[in-house]
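Data block for my_file_5.cif (mmCIF, C-alpha atoms):
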```cif
data_run
#
loop_
_atom_site.label_atom_id
_atom_site.label_comp_id
_atom_site.auth_asym_id
_atom_site.auth_seq_id
_atom_site.Cartn_x
_atom_site.Cartn_y
_atom_site.Cartn_z
CA MET A 1 -46.00 92.22 -75.24
CA ILE A 2 -46.69 88.96 -77.09
CA SER A 3 -47.66 86.03 -74.88
CA GLY A 4 -45.80 82.73 -74.97
CA ARG A 5 -48.88 81.02 -76.37
CA ALA A 6 -49.12 83.51 -79.24
CA CYS A 7 -45.42 83.04 -79.99
CA GLN A 8 -45.98 79.28 -80.20
CA VAL A 9 -48.82 79.78 -82.65
CA ARG A 10 -46.73 82.08 -84.83
CA LYS A 11 -43.82 79.62 -84.83
CA ALA A 12 -46.19 76.79 -85.71
CA ILE A 13 -47.67 78.68 -88.67
CA THR A 14 -44.26 79.66 -90.00
CA ALA A 15 -42.86 76.16 -89.50
CA ALA A 16 -45.82 74.58 -91.26
CA SER A 17 -45.11 76.63 -94.37
CA ALA A 18 -41.34 76.27 -94.21
CA SER A 19 -41.52 72.48 -93.97
CA MET A 20 -43.87 71.91 -96.90
CA GLY A 21 -41.36 69.74 -98.62
CA ARG A 22 -38.92 70.70 -101.34
CA PRO A 23 -39.82 68.84 -104.50
CA GLY A 24 -37.03 67.02 -106.30
CA GLN A 25 -34.67 68.50 -108.83
CA MET A 26 -36.62 71.50 -110.10
CA SER A 27 -35.41 74.69 -111.68
CA THR A 28 -34.69 77.49 -109.25
CA SER A 29 -36.45 79.87 -111.61
CA PHE A 30 -40.21 79.79 -111.31
CA ARG A 31 -40.69 80.62 -114.97
CA ALA A 32 -38.14 78.05 -116.02
CA MET A 33 -39.96 75.48 -113.90
CA MET A 34 -43.24 76.40 -115.54
CA CYS A 35 -41.68 75.99 -118.97
CA SER A 36 -40.34 72.56 -118.02
CA ALA A 37 -43.90 71.49 -117.23
CA ALA A 38 -44.70 71.52 -120.93
CA SER A 39 -42.38 68.57 -121.49
CA SER A 40 -42.98 66.76 -118.18
CA ASP A 41 -45.68 64.26 -117.27
CA SER A 42 -44.97 64.49 -113.55
CA ALA A 43 -47.59 65.94 -111.23
CA PRO A 44 -46.86 68.65 -108.69
CA LYS A 45 -45.09 67.29 -105.64
CA SER A 46 -46.92 67.01 -102.36
CA ALA A 47 -45.38 67.70 -99.01
CA PRO A 48 -44.47 64.81 -96.73
CA SER A 49 -46.10 64.51 -93.33
CA GLU A 50 -44.55 66.48 -90.52
CA SER A 51 -43.48 65.24 -87.12
CA GLY A 52 -44.35 66.75 -83.80
CA ALA A 53 -41.94 67.70 -81.07
CA SER A 54 -42.13 64.18 -79.66
CA GLY A 55 -41.34 62.66 -83.05
CA SER A 56 -44.85 61.25 -83.54
CA PRO A 57 -46.40 61.91 -86.95
CA LYS A 58 -48.86 64.77 -87.21
CA PRO A 59 -52.23 64.17 -88.91
CA ARG A 60 -52.01 63.51 -92.61
CA GLY A 61 -54.48 65.22 -94.90
CA LYS A 62 -54.64 67.28 -98.05
CA GLN A 63 -50.98 68.18 -98.19
CA PRO A 64 -50.03 71.45 -99.92
CA LEU A 65 -48.96 71.00 -103.53
CA VAL A 66 -45.69 72.81 -104.17
CA TRP A 67 -44.89 73.12 -107.87
CA SER A 68 -41.70 75.13 -107.37
CA PRO A 69 -39.19 75.76 -104.58
CA ASP A 70 -39.65 79.46 -105.39
CA VAL A 71 -43.14 79.26 -103.84
CA LEU A 72 -41.83 78.27 -100.41
CA GLU A 73 -40.39 81.61 -99.35
CA PRO A 74 -43.44 83.70 -100.36
CA LEU A 75 -45.69 81.21 -98.53
CA GLU A 76 -43.48 81.36 -95.44
CA ASN A 77 -43.59 85.18 -95.56
CA MET A 78 -47.37 85.06 -95.92
CA SER A 79 -47.70 82.67 -92.99
CA GLY A 80 -45.48 84.81 -90.80
CA LEU A 81 -47.52 87.92 -91.58
CA THR A 82 -50.78 86.05 -90.99
CA ALA A 83 -49.48 84.97 -87.59
CA LYS A 84 -48.48 88.55 -86.79
CA VAL A 85 -51.96 89.80 -87.70
CA LEU A 86 -53.56 87.21 -85.40
CA GLU A 87 -51.19 88.24 -82.61
CA ASP A 88 -52.14 91.89 -83.07
CA LEU A 89 -55.86 91.07 -82.95
CA ARG A 90 -55.30 88.87 -79.90
CA ALA A 91 -53.60 91.78 -78.15
CA LEU A 92 -56.71 93.97 -78.47
CA ARG A 93 -58.12 92.40 -75.29
CA PRO A 94 -55.10 91.09 -73.35
CA ARG A 95 -57.06 90.60 -70.10
CA SER A 96 -59.96 88.67 -71.59
CA LYS A 97 -59.31 84.95 -71.23
CA LEU A 98 -62.15 84.10 -73.60
CA TRP A 99 -60.80 86.48 -76.27
CA GLN A 100 -57.34 84.97 -75.88
CA LEU A 101 -58.82 81.48 -76.13
CA ALA A 102 -60.69 82.41 -79.31
CA PHE A 103 -57.53 83.57 -81.08
CA ASP A 104 -55.57 80.59 -79.78
CA SER A 105 -58.17 78.46 -81.56
CA VAL A 106 -58.00 80.46 -84.80
CA GLY A 107 -54.20 80.34 -84.67
CA GLU A 108 -54.17 76.57 -84.31
CA ILE A 109 -56.53 76.15 -87.26
CA ALA A 110 -54.39 78.55 -89.30
CA ALA A 111 -51.24 76.60 -88.41
CA SER A 112 -52.67 73.13 -88.99
CA PRO A 113 -50.31 70.87 -90.98
CA VAL A 114 -53.25 69.60 -93.06
CA ARG A 115 -54.10 72.98 -94.59
CA HIS A 116 -53.72 73.01 -98.37
CA LEU A 117 -53.04 76.73 -98.97
CA LEU A 118 -54.60 76.47 -102.42
CA ARG A 119 -55.79 80.08 -102.56
CA PRO A 120 -52.45 81.75 -101.70
CA GLN A 121 -50.65 79.43 -104.10
CA LEU A 122 -53.05 80.33 -106.90
CA VAL A 123 -52.42 84.02 -106.21
CA LEU A 124 -48.68 83.34 -106.50
CA LEU A 125 -49.19 81.38 -109.72
CA GLY A 126 -51.22 84.19 -111.24
CA HIS A 127 -48.61 86.73 -110.17
CA ALA A 128 -45.86 84.63 -111.74
CA ALA A 129 -47.82 84.52 -114.99
CA GLY A 130 -47.36 88.28 -115.18
CA THR A 131 -43.91 88.85 -113.74
CA GLY A 132 -42.15 85.48 -114.00
CA SER A 133 -41.81 85.31 -110.22
CA PRO A 134 -44.17 84.55 -107.31
CA SER A 135 -42.49 87.31 -105.29
CA GLY A 136 -42.90 91.05 -105.61
CA PRO A 137 -44.04 94.25 -103.90
CA GLY A 138 -47.33 93.82 -102.03
CA VAL A 139 -47.55 90.07 -102.63
CA THR A 140 -47.04 89.07 -99.00
CA HIS A 141 -49.77 91.39 -97.72
CA PHE A 142 -52.18 90.43 -100.47
CA THR A 143 -51.76 86.67 -100.00
CA ALA A 144 -52.05 87.08 -96.22
CA GLY A 145 -55.32 88.92 -96.82
CA VAL A 146 -56.57 86.08 -99.04
CA GLU A 147 -55.70 83.51 -96.36
CA LEU A 148 -57.43 85.54 -93.63
CA HIS A 149 -60.46 85.84 -95.89
CA HIS A 150 -60.50 82.05 -96.18
CA LEU A 151 -60.26 81.67 -92.39
CA PHE A 152 -63.25 83.99 -92.01
CA MET A 153 -65.29 81.86 -94.42
CA LEU A 154 -64.28 78.65 -92.64
CA ILE A 155 -65.39 80.01 -89.27
CA HIS A 156 -68.77 81.07 -90.60
CA ASP A 157 -69.20 77.73 -92.42
CA ASP A 158 -68.51 75.86 -89.19
CA ILE A 159 -71.12 77.93 -87.37
CA MET A 160 -73.78 77.20 -89.97
CA ASP A 161 -72.81 73.52 -90.33
CA ARG A 162 -72.40 73.09 -86.56
CA GLY A 163 -69.06 71.51 -87.36
CA THR A 164 -66.88 70.07 -84.63
CA THR A 165 -63.50 69.84 -86.36
CA ARG A 166 -61.64 71.96 -88.89
CA ARG A 167 -58.28 70.98 -90.33
CA GLY A 168 -58.00 68.34 -87.65
CA LYS A 169 -58.56 70.86 -84.84
CA PRO A 170 -61.66 71.72 -82.79
CA THR A 171 -63.69 74.44 -84.48
CA LEU A 172 -63.79 77.87 -82.88
CA SER A 173 -67.37 77.26 -81.72
CA VAL A 174 -66.38 74.00 -80.02
CA THR A 175 -63.45 75.68 -78.29
CA LEU A 176 -65.66 78.47 -76.99
CA ALA A 177 -68.35 76.02 -75.87
CA ARG A 178 -65.78 73.97 -73.94
CA SER A 179 -64.46 76.99 -72.10
CA ALA A 180 -65.13 77.42 -68.40
CA SER A 181 -67.15 80.58 -69.07
CA GLY A 182 -70.48 78.75 -69.11
CA ILE A 183 -71.80 80.56 -72.20
CA ASP A 184 -74.92 79.24 -73.91
CA ARG A 185 -75.13 77.87 -77.45
CA THR A 186 -76.57 81.05 -78.96
CA SER A 187 -73.81 83.17 -77.42
CA VAL A 188 -71.17 80.75 -78.69
CA ALA A 189 -72.47 81.19 -82.26
CA ASN A 190 -72.62 84.97 -81.83
CA LEU A 191 -69.08 85.17 -80.48
CA ALA A 192 -67.69 83.00 -83.28
CA THR A 193 -69.54 85.17 -85.80
CA VAL A 194 -67.90 88.28 -84.36
CA ILE A 195 -64.43 86.72 -84.67
CA GLY A 196 -65.20 85.76 -88.28
CA ASP A 197 -66.41 89.30 -89.04
CA LEU A 198 -63.24 90.72 -87.54
CA LEU A 199 -61.08 88.46 -89.71
CA HIS A 200 -63.10 89.50 -92.77
CA ALA A 201 -62.55 93.19 -92.08
CA LYS A 202 -58.84 92.62 -91.51
CA SER A 203 -58.53 90.49 -94.64
CA VAL A 204 -59.91 93.27 -96.85
CA GLY A 205 -57.55 95.74 -95.20
CA MET A 206 -54.57 93.45 -95.87
CA MET A 207 -55.50 92.96 -99.52
CA LEU A 208 -55.93 96.72 -100.00
CA ASP A 209 -52.56 97.24 -98.31
CA GLY A 210 -50.97 94.79 -100.73
CA VAL A 211 -52.52 96.54 -103.73
CA ALA A 212 -51.42 99.97 -102.43
CA ARG A 213 -47.84 98.76 -102.01
CA ARG A 214 -47.85 97.35 -105.51
CA ALA A 215 -49.44 100.46 -107.05
CA LEU A 216 -46.88 102.65 -105.29
CA ASN A 217 -44.11 100.51 -106.75
CA GLU A 218 -45.62 100.69 -110.23
CA GLY A 219 -45.91 104.46 -109.92
CA SER A 220 -42.29 104.79 -108.90
CA LYS A 221 -41.30 102.89 -112.05
CA GLY A 222 -43.31 105.27 -114.20
CA GLU A 223 -45.98 102.74 -115.14
CA GLY A 224 -49.11 104.26 -116.67
CA GLN A 225 -52.52 104.75 -115.08
CA PRO A 226 -54.14 101.72 -116.81
CA ARG A 227 -51.53 99.41 -115.25
CA GLN A 228 -52.15 100.82 -111.77
CA GLU A 229 -55.93 100.55 -112.20
CA ARG A 230 -55.57 96.89 -113.19
CA VAL A 231 -53.54 96.24 -110.04
CA ALA A 232 -56.29 97.87 -107.98
CA ARG A 233 -58.83 95.46 -109.49
CA ALA A 234 -57.09 92.51 -107.80
CA VAL A 235 -59.20 93.02 -104.66
CA GLU A 236 -62.30 93.38 -106.81
CA ALA A 237 -61.79 89.82 -108.10
CA ILE A 238 -61.88 88.43 -104.54
CA LEU A 239 -64.85 90.52 -103.40
CA GLU A 240 -67.01 89.92 -106.48
CA SER A 241 -66.63 86.16 -106.06
CA SER A 242 -67.59 86.57 -102.40
CA TYR A 243 -70.87 88.20 -103.41
CA MET A 244 -71.69 85.16 -105.54
CA ALA A 245 -70.65 82.82 -102.73
CA GLY A 246 -72.91 84.71 -100.32
CA ALA A 247 -75.90 84.40 -102.65
CA SER A 248 -75.20 80.70 -103.09
CA GLN A 249 -74.86 80.16 -99.36
CA PHE A 250 -78.19 81.90 -98.80
CA GLU A 251 -79.78 79.37 -101.18
CA ASP A 252 -77.87 76.54 -99.53
CA ILE A 253 -79.13 77.40 -96.04
CA SER A 254 -82.66 78.06 -97.32
CA GLY A 255 -82.55 74.50 -98.57
CA TRP A 256 -84.30 72.44 -101.18
CA ARG A 257 -87.78 73.70 -100.35
CA CYS A 258 -86.83 77.22 -101.47
CA VAL A 259 -85.35 76.24 -104.84
CA GLU A 260 -87.51 73.23 -105.69
CA SER A 261 -89.95 75.15 -107.89
CA GLU A 262 -87.10 76.78 -109.80
CA VAL A 263 -85.38 73.43 -110.39
CA GLU A 264 -88.62 71.69 -111.37
CA SER A 265 -89.56 74.43 -113.83
CA SER A 266 -86.07 74.67 -115.32
CA SER A 267 -85.61 73.25 -118.80
CA ASP A 268 -82.07 72.27 -117.82
CA ALA A 269 -81.58 71.20 -114.21
CA LYS A 270 -77.91 70.58 -114.95
CA GLN A 271 -77.50 74.29 -115.63
CA PHE A 272 -78.81 75.04 -112.14
CA LEU A 273 -76.40 72.45 -110.70
CA SER A 274 -73.49 74.00 -112.60
CA ARG A 275 -74.35 77.48 -111.34
CA MET A 276 -74.65 76.20 -107.80
CA LEU A 277 -71.26 74.46 -107.83
CA CYS A 278 -69.56 77.46 -109.49
CA ASP A 279 -70.97 80.03 -107.06
CA LYS A 280 -70.64 77.77 -104.03
CA GLY A 281 -66.96 77.02 -104.45
CA ALA A 282 -65.32 77.38 -107.85
CA ARG A 283 -65.42 81.17 -108.22
CA HIS A 284 -64.14 82.23 -104.81
CA GLY A 285 -61.96 79.16 -104.20
CA VAL A 286 -60.16 78.89 -107.53
CA VAL A 287 -60.99 81.51 -110.17
CA ALA A 288 -60.81 84.63 -107.99
CA PRO A 289 -57.39 84.08 -106.34
CA LEU A 290 -55.81 83.10 -109.65
CA ILE A 291 -57.18 86.12 -111.52
CA ALA A 292 -56.38 88.40 -108.57
CA GLY A 293 -52.77 87.26 -108.73
CA MET A 294 -52.69 87.88 -112.47
CA ARG A 295 -53.96 91.42 -112.00
CA LEU A 296 -51.50 92.06 -109.19
CA GLY A 297 -48.66 90.83 -111.41
CA GLY A 298 -49.83 92.67 -114.51
CA ALA A 299 -50.55 89.58 -116.63
CA ASP A 300 -52.27 90.09 -119.99
CA SER A 301 -55.98 90.67 -119.30
CA SER A 302 -56.89 88.65 -122.40
CA LEU A 303 -55.87 85.52 -120.47
CA GLU A 304 -58.60 85.93 -117.87
CA ALA A 305 -61.39 84.33 -119.90
CA GLY A 306 -59.36 81.16 -120.49
CA VAL A 307 -58.24 81.00 -116.87
CA GLU A 308 -61.84 81.43 -115.71
CA ALA A 309 -63.00 78.61 -118.01
CA TRP A 310 -60.39 76.30 -116.47
CA GLY A 311 -61.11 77.44 -112.92
CA LEU A 312 -64.88 76.98 -113.12
CA ARG A 313 -64.55 73.37 -114.29
CA PHE A 314 -61.67 72.55 -111.92
CA GLY A 315 -63.39 74.28 -109.00
CA SER A 316 -66.71 72.58 -109.70
CA ALA A 317 -64.93 69.23 -109.57
CA LEU A 318 -63.36 70.18 -106.24
CA GLN A 319 -66.71 71.31 -104.82
CA GLY A 320 -68.45 68.20 -106.13
CA LEU A 321 -65.84 65.99 -104.46
CA ASP A 322 -66.30 67.90 -101.20
CA ASP A 323 -70.08 67.41 -101.43
CA LEU A 324 -69.64 63.70 -102.07
CA GLN A 325 -67.26 63.27 -99.15
CA ASP A 326 -69.81 64.93 -96.87
CA ILE A 327 -72.01 61.84 -97.25
CA THR A 328 -69.28 59.20 -97.49
CA ALA A 329 -66.40 60.31 -95.27
CA ASP A 330 -65.88 59.43 -91.63
CA PRO A 331 -67.69 62.00 -89.42
CA MET A 332 -64.53 62.13 -87.29
CA THR A 333 -62.80 63.60 -90.33
CA THR A 334 -65.52 65.95 -91.60
CA GLY A 335 -66.67 67.02 -88.15
CA LYS A 336 -70.36 66.48 -88.92
CA ASP A 337 -72.95 63.74 -89.41
CA THR A 338 -72.95 62.26 -92.91
CA MET A 339 -76.71 62.84 -93.09
CA GLN A 340 -76.60 66.42 -91.83
CA ASP A 341 -76.67 68.14 -95.22
CA LEU A 342 -79.51 65.91 -96.37
CA ARG A 343 -81.73 66.43 -93.35
CA GLN A 344 -81.19 70.19 -93.68
CA GLY A 345 -82.02 70.06 -97.39
CA ARG A 346 -78.64 71.57 -98.29
CA LEU A 347 -77.94 71.92 -102.01
CA SER A 348 -75.25 69.52 -103.13
CA LEU A 349 -74.12 67.33 -106.01
CA PRO A 350 -75.50 64.10 -104.41
CA LEU A 351 -78.88 65.73 -103.81
CA PHE A 352 -79.19 66.81 -107.45
CA MET A 353 -78.15 63.34 -108.61
CA LEU A 354 -80.85 61.81 -106.45
CA HIS A 355 -83.40 64.23 -107.90
CA GLU A 356 -82.38 63.38 -111.45
CA HIS A 357 -82.00 59.62 -111.20
CA ALA A 358 -84.15 58.27 -108.36
CA SER A 359 -87.51 56.76 -109.23
CA GLN A 360 -90.61 58.85 -108.48
CA GLN A 361 -91.41 56.68 -105.47
CA ASP A 362 -87.85 56.90 -104.11
CA TRP A 363 -87.72 60.66 -104.68
CA ARG A 364 -90.96 61.16 -102.78
CA ALA A 365 -89.41 59.33 -99.84
CA ILE A 366 -86.20 61.40 -100.05
CA ARG A 367 -88.20 64.62 -100.42
CA ALA A 368 -90.14 63.85 -97.25
CA VAL A 369 -86.84 63.71 -95.36
CA LEU A 370 -85.71 67.01 -96.93
CA LEU A 371 -88.90 68.80 -95.93
CA ALA A 372 -89.03 67.35 -92.41
CA GLY A 373 -86.73 70.06 -91.11
CA ASP A 374 -83.50 70.16 -89.17
CA GLY A 375 -84.00 67.18 -86.89
CA VAL A 376 -82.40 63.82 -86.30
CA ILE A 377 -83.03 61.38 -89.14
CA SER A 378 -84.53 58.18 -87.81
CA ILE A 379 -82.81 54.85 -88.33
CA PRO A 380 -85.51 53.66 -90.79
CA ASP A 381 -85.08 56.87 -92.81
CA ARG A 382 -81.32 56.46 -92.82
CA ARG A 383 -81.72 52.91 -94.07
CA MET A 384 -84.09 54.15 -96.77
CA VAL A 385 -81.60 56.79 -97.95
CA PHE A 386 -78.82 54.20 -98.14
CA GLU A 387 -81.01 51.86 -100.17
CA VAL A 388 -82.05 54.61 -102.61
CA ALA A 389 -78.41 55.62 -102.98
CA LYS A 390 -77.50 52.06 -103.88
CA ARG A 391 -80.36 51.69 -106.36
CA THR A 392 -79.42 54.93 -108.14
CA ASN A 393 -75.69 54.13 -108.04
CA LEU A 394 -75.31 57.54 -106.42
CA VAL A 395 -71.62 57.50 -105.56
CA GLN A 396 -70.53 56.44 -109.05
CA ARG A 397 -72.81 58.98 -110.71
CA CYS A 398 -71.22 61.73 -108.61
CA VAL A 399 -67.73 60.47 -109.44
CA ASP A 400 -68.59 60.41 -113.16
CA PHE A 401 -69.78 64.04 -112.95
CA ILE A 402 -66.60 65.09 -111.12
CA GLN A 403 -64.39 63.42 -113.71
CA GLN A 404 -66.34 65.10 -116.53
CA GLU A 405 -65.61 68.47 -114.92
CA ILE A 406 -61.93 67.59 -114.61
CA HIS A 407 -61.86 66.59 -118.28
CA GLY A 408 -63.50 69.91 -119.12
CA SER A 409 -60.74 71.73 -117.25
CA THR A 410 -58.05 69.90 -119.23
CA GLU A 411 -59.76 70.97 -122.45
CA ALA A 412 -59.99 74.59 -121.26
CA VAL A 413 -56.23 74.98 -120.85
CA LYS A 414 -55.60 74.22 -124.53
CA GLY A 415 -56.26 77.84 -125.43
CA LEU A 416 -53.84 79.22 -122.85
CA PRO A 417 -50.26 80.15 -123.69
CA GLU A 418 -47.35 78.19 -122.35
CA PRO A 419 -46.15 77.75 -119.74
CA LEU A 420 -49.28 78.75 -117.77
CA GLY A 421 -51.46 76.18 -119.55
CA SER A 422 -49.12 73.33 -118.62
CA VAL A 423 -49.12 74.23 -114.93
CA LEU A 424 -52.92 74.33 -114.83
CA LEU A 425 -53.00 71.04 -116.70
CA MET A 426 -50.74 69.53 -114.04
CA LEU A 427 -53.20 70.63 -111.37
CA SER A 428 -56.09 69.04 -113.25
CA LYS A 429 -54.19 65.79 -113.61
CA GLU A 430 -53.29 65.82 -109.92
CA LEU A 431 -56.95 66.28 -108.98
CA ASP A 432 -57.94 63.44 -111.32
CA ALA A 433 -55.38 61.16 -109.68
CA ARG A 434 -56.70 62.15 -106.25
CA VAL A 435 -60.29 61.41 -107.28
CA GLN A 436 -59.31 57.99 -108.64
CA LYS A 437 -57.43 57.19 -105.45
CA GLU A 438 -60.01 58.45 -102.96
CA THR A 439 -63.12 57.13 -104.70
CA ARG A 440 -61.93 53.55 -104.29
CA SER A 441 -62.89 53.83 -100.63
CA LEU A 442 -66.01 55.99 -100.97
CA LYS A 443 -69.01 54.16 -99.58
CA MET A 444 -72.35 54.99 -98.07
#
```

Structure encoded using structure tokens:
Amino acid sequence: MISGRACQVRKAITAASASMGRPGQMSTSFRAMMCSAASSDSAPKSAPSESGASGSPKPRGKQPLVWSPDVLEPLENMSGLTAKVLEDLRALRPRSKLWQLAFDSVGEIAASPVRHLLRPQLVLLGHAAGTGSPSGPGVTHFTAGVELHHLFMLIHDDIMDRGTTRRGKPTLSVTLARSASGIDRTSVANLATVIGDLLHAKSVGMMLDGVARRALNEGSKGEGQPRQERVARAVEAILESSYMAGASQFEDISGWRCVESEVESSSDAKQFLSRMLCDKGARHGVVAPLIAGMRLGGADSSLEAGVEAWGLRFGSALQGLDDLQDITADPMTTGKDTMQDLRQGRLSLPLFMLHEHASQQDWRAIRAVLLAGDGVISIPDRRMVFEVAKRTNLVQRCVDFIQQEIHGSTEAVKGLPEPLGSVLLMLSKELDARVQKETRSLKM
């Protein structure tokens, strides 16, 4: 029997998707909407803020971009299935208060009104590129699997970053630490890791279920073996990008000291930076879900190279912006100290910009902080970092790099057929507008 708390979580997740906001006068046909993009300069619509039960506004954040009303129902179905999966996992240990608390926390993060749902929406866009519709057999299960996979990665990221908030909610680790169970810090990290591993296993199962449902449907229509094999490769797109993300995260945690010799000996440090940004975020966050959706929907495989070219530049810009906000945003928003990545020697766009543009004397001072280990940065060292950042014009250099990547993504779509190219171009323009808006307030 499902508890009242679990029911609330499920309702919250479903409501969050259902109330994303219905953008203006758009075509009720997804393909027709995509075609209209070719002659429209308007950006995708963003959802308005929601209100709580008491009528007070909920936290505003990166609102989901909805480029067609046809996306709303598939997203609502995905959210409902995700909630059901979390309920089923929660029910595995109905008498364990700590287990129940853990899945309450995951459910609240999953239902947060500030989630952007970029990955599921890219899957739906890729699927529509093949079928003309974001809906179809197996789509709900596959997109739910992609969203669960993202939740797993968020939980593990929060463990490694020692984050305190995620999507405006306490992280799973914080929730477990605040429980009345009196568990120590190491056990908290271990328990959160187990929950993340469980979500990962379930996510793969859900994606495979979606592919099986789709393949069964294709078989019943008499589609040939090559078509069914291409559908099966949808999961492969997600998993292969995860391997690259894992390798990049290993480097990231190892820190600057473990890659310094490779960067210093490289004839092109920018190539190392590009690889890092692509593997760290662009491949698994943008390219993989879009290509997976294309394979699920049977889109022409010749489009994948062009889509990947767009996704790597667009995703690198997104990752670069995230890196920049880690050192400029309010810690109450990011859930971690603005100097945390630096003191841990984490690989990021700002760090590479400092390496490239700081004077030798300034870099030696920064390097000493990087190699000091995972401790608290002293006030004099913090002041030094701020001064070096100002002298190197760090924030603007990062913004310039991000905008170059966005421009590269707009160039990449020129080889793609309409209407897909126009929709991706809209996304690039929306990101550019966001960068211009947000960077006005970026300070160190």

Computed interatomic separation between CA of Glu308 (chain A) and CA of Phe401 (chain A) (Å):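 Result for CA of Glu308 (chain A) versus CA of Phe401 (chain A): 19.3 Å, one decimal.
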
Target residues per the PyMOL selection byres ((chain A and resi 98) around 12), formatted as a ChimeraX atom specification: /A:90,93-97,99-105,172-173,175-183,188,191-192,195

Residues returned when the PyMOL selection byres ((chain A and resi 284-300) around 6) runs on this file, as a PyMOL selection string: chain A and resi 119+122-123+126-127+129-131+230-231+234+237-238+241+281-283+301-303+308+311+315

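Distance annotation: of A:Asp341, A:Asp88, A:Asp157, A:Glu73, the residue with the minimal separation from Val376 (chain A) is A:Asp341; atom set is only C-alpha atoms.
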
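Residues captured in this structure file are A:Ser29, A:Phe30, A:Arg31, A:Asp70, A:Val71, A:Leu124, A:Leu125, A:His127, A:Ala128, A:Ala129, A:Gly130, A:Thr131, A:Gly132, A:Pro134, A:Ser135, A:Gly136, A:Gly297, according to the PyMOL selection byres ((chain A and resi 133) around 9).
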
Distance criterion (only C-alpha atoms): nearest to Val435 (chain A) out of A:Thr392, A:Glu240, A:Ala317, A:Thr165: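 Of A:Thr392, A:Glu240, A:Ala317, A:Thr165, the one nearest Val435 (chain A), counting only C-alpha atoms, is A:Ala317.
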
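Here CA of Gln340 (chain A) is placed at a distance of 8.2 Å from CA of Asp161 (chain A).
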
Residue among A:Leu394, A:Leu75, A:Gln228, A:Phe352 lying closest to Gln271 (chain A), counting all atoms listed in the file: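 Checking each candidate against Gln271 (chain A), we get A:Phe352 as the closest.
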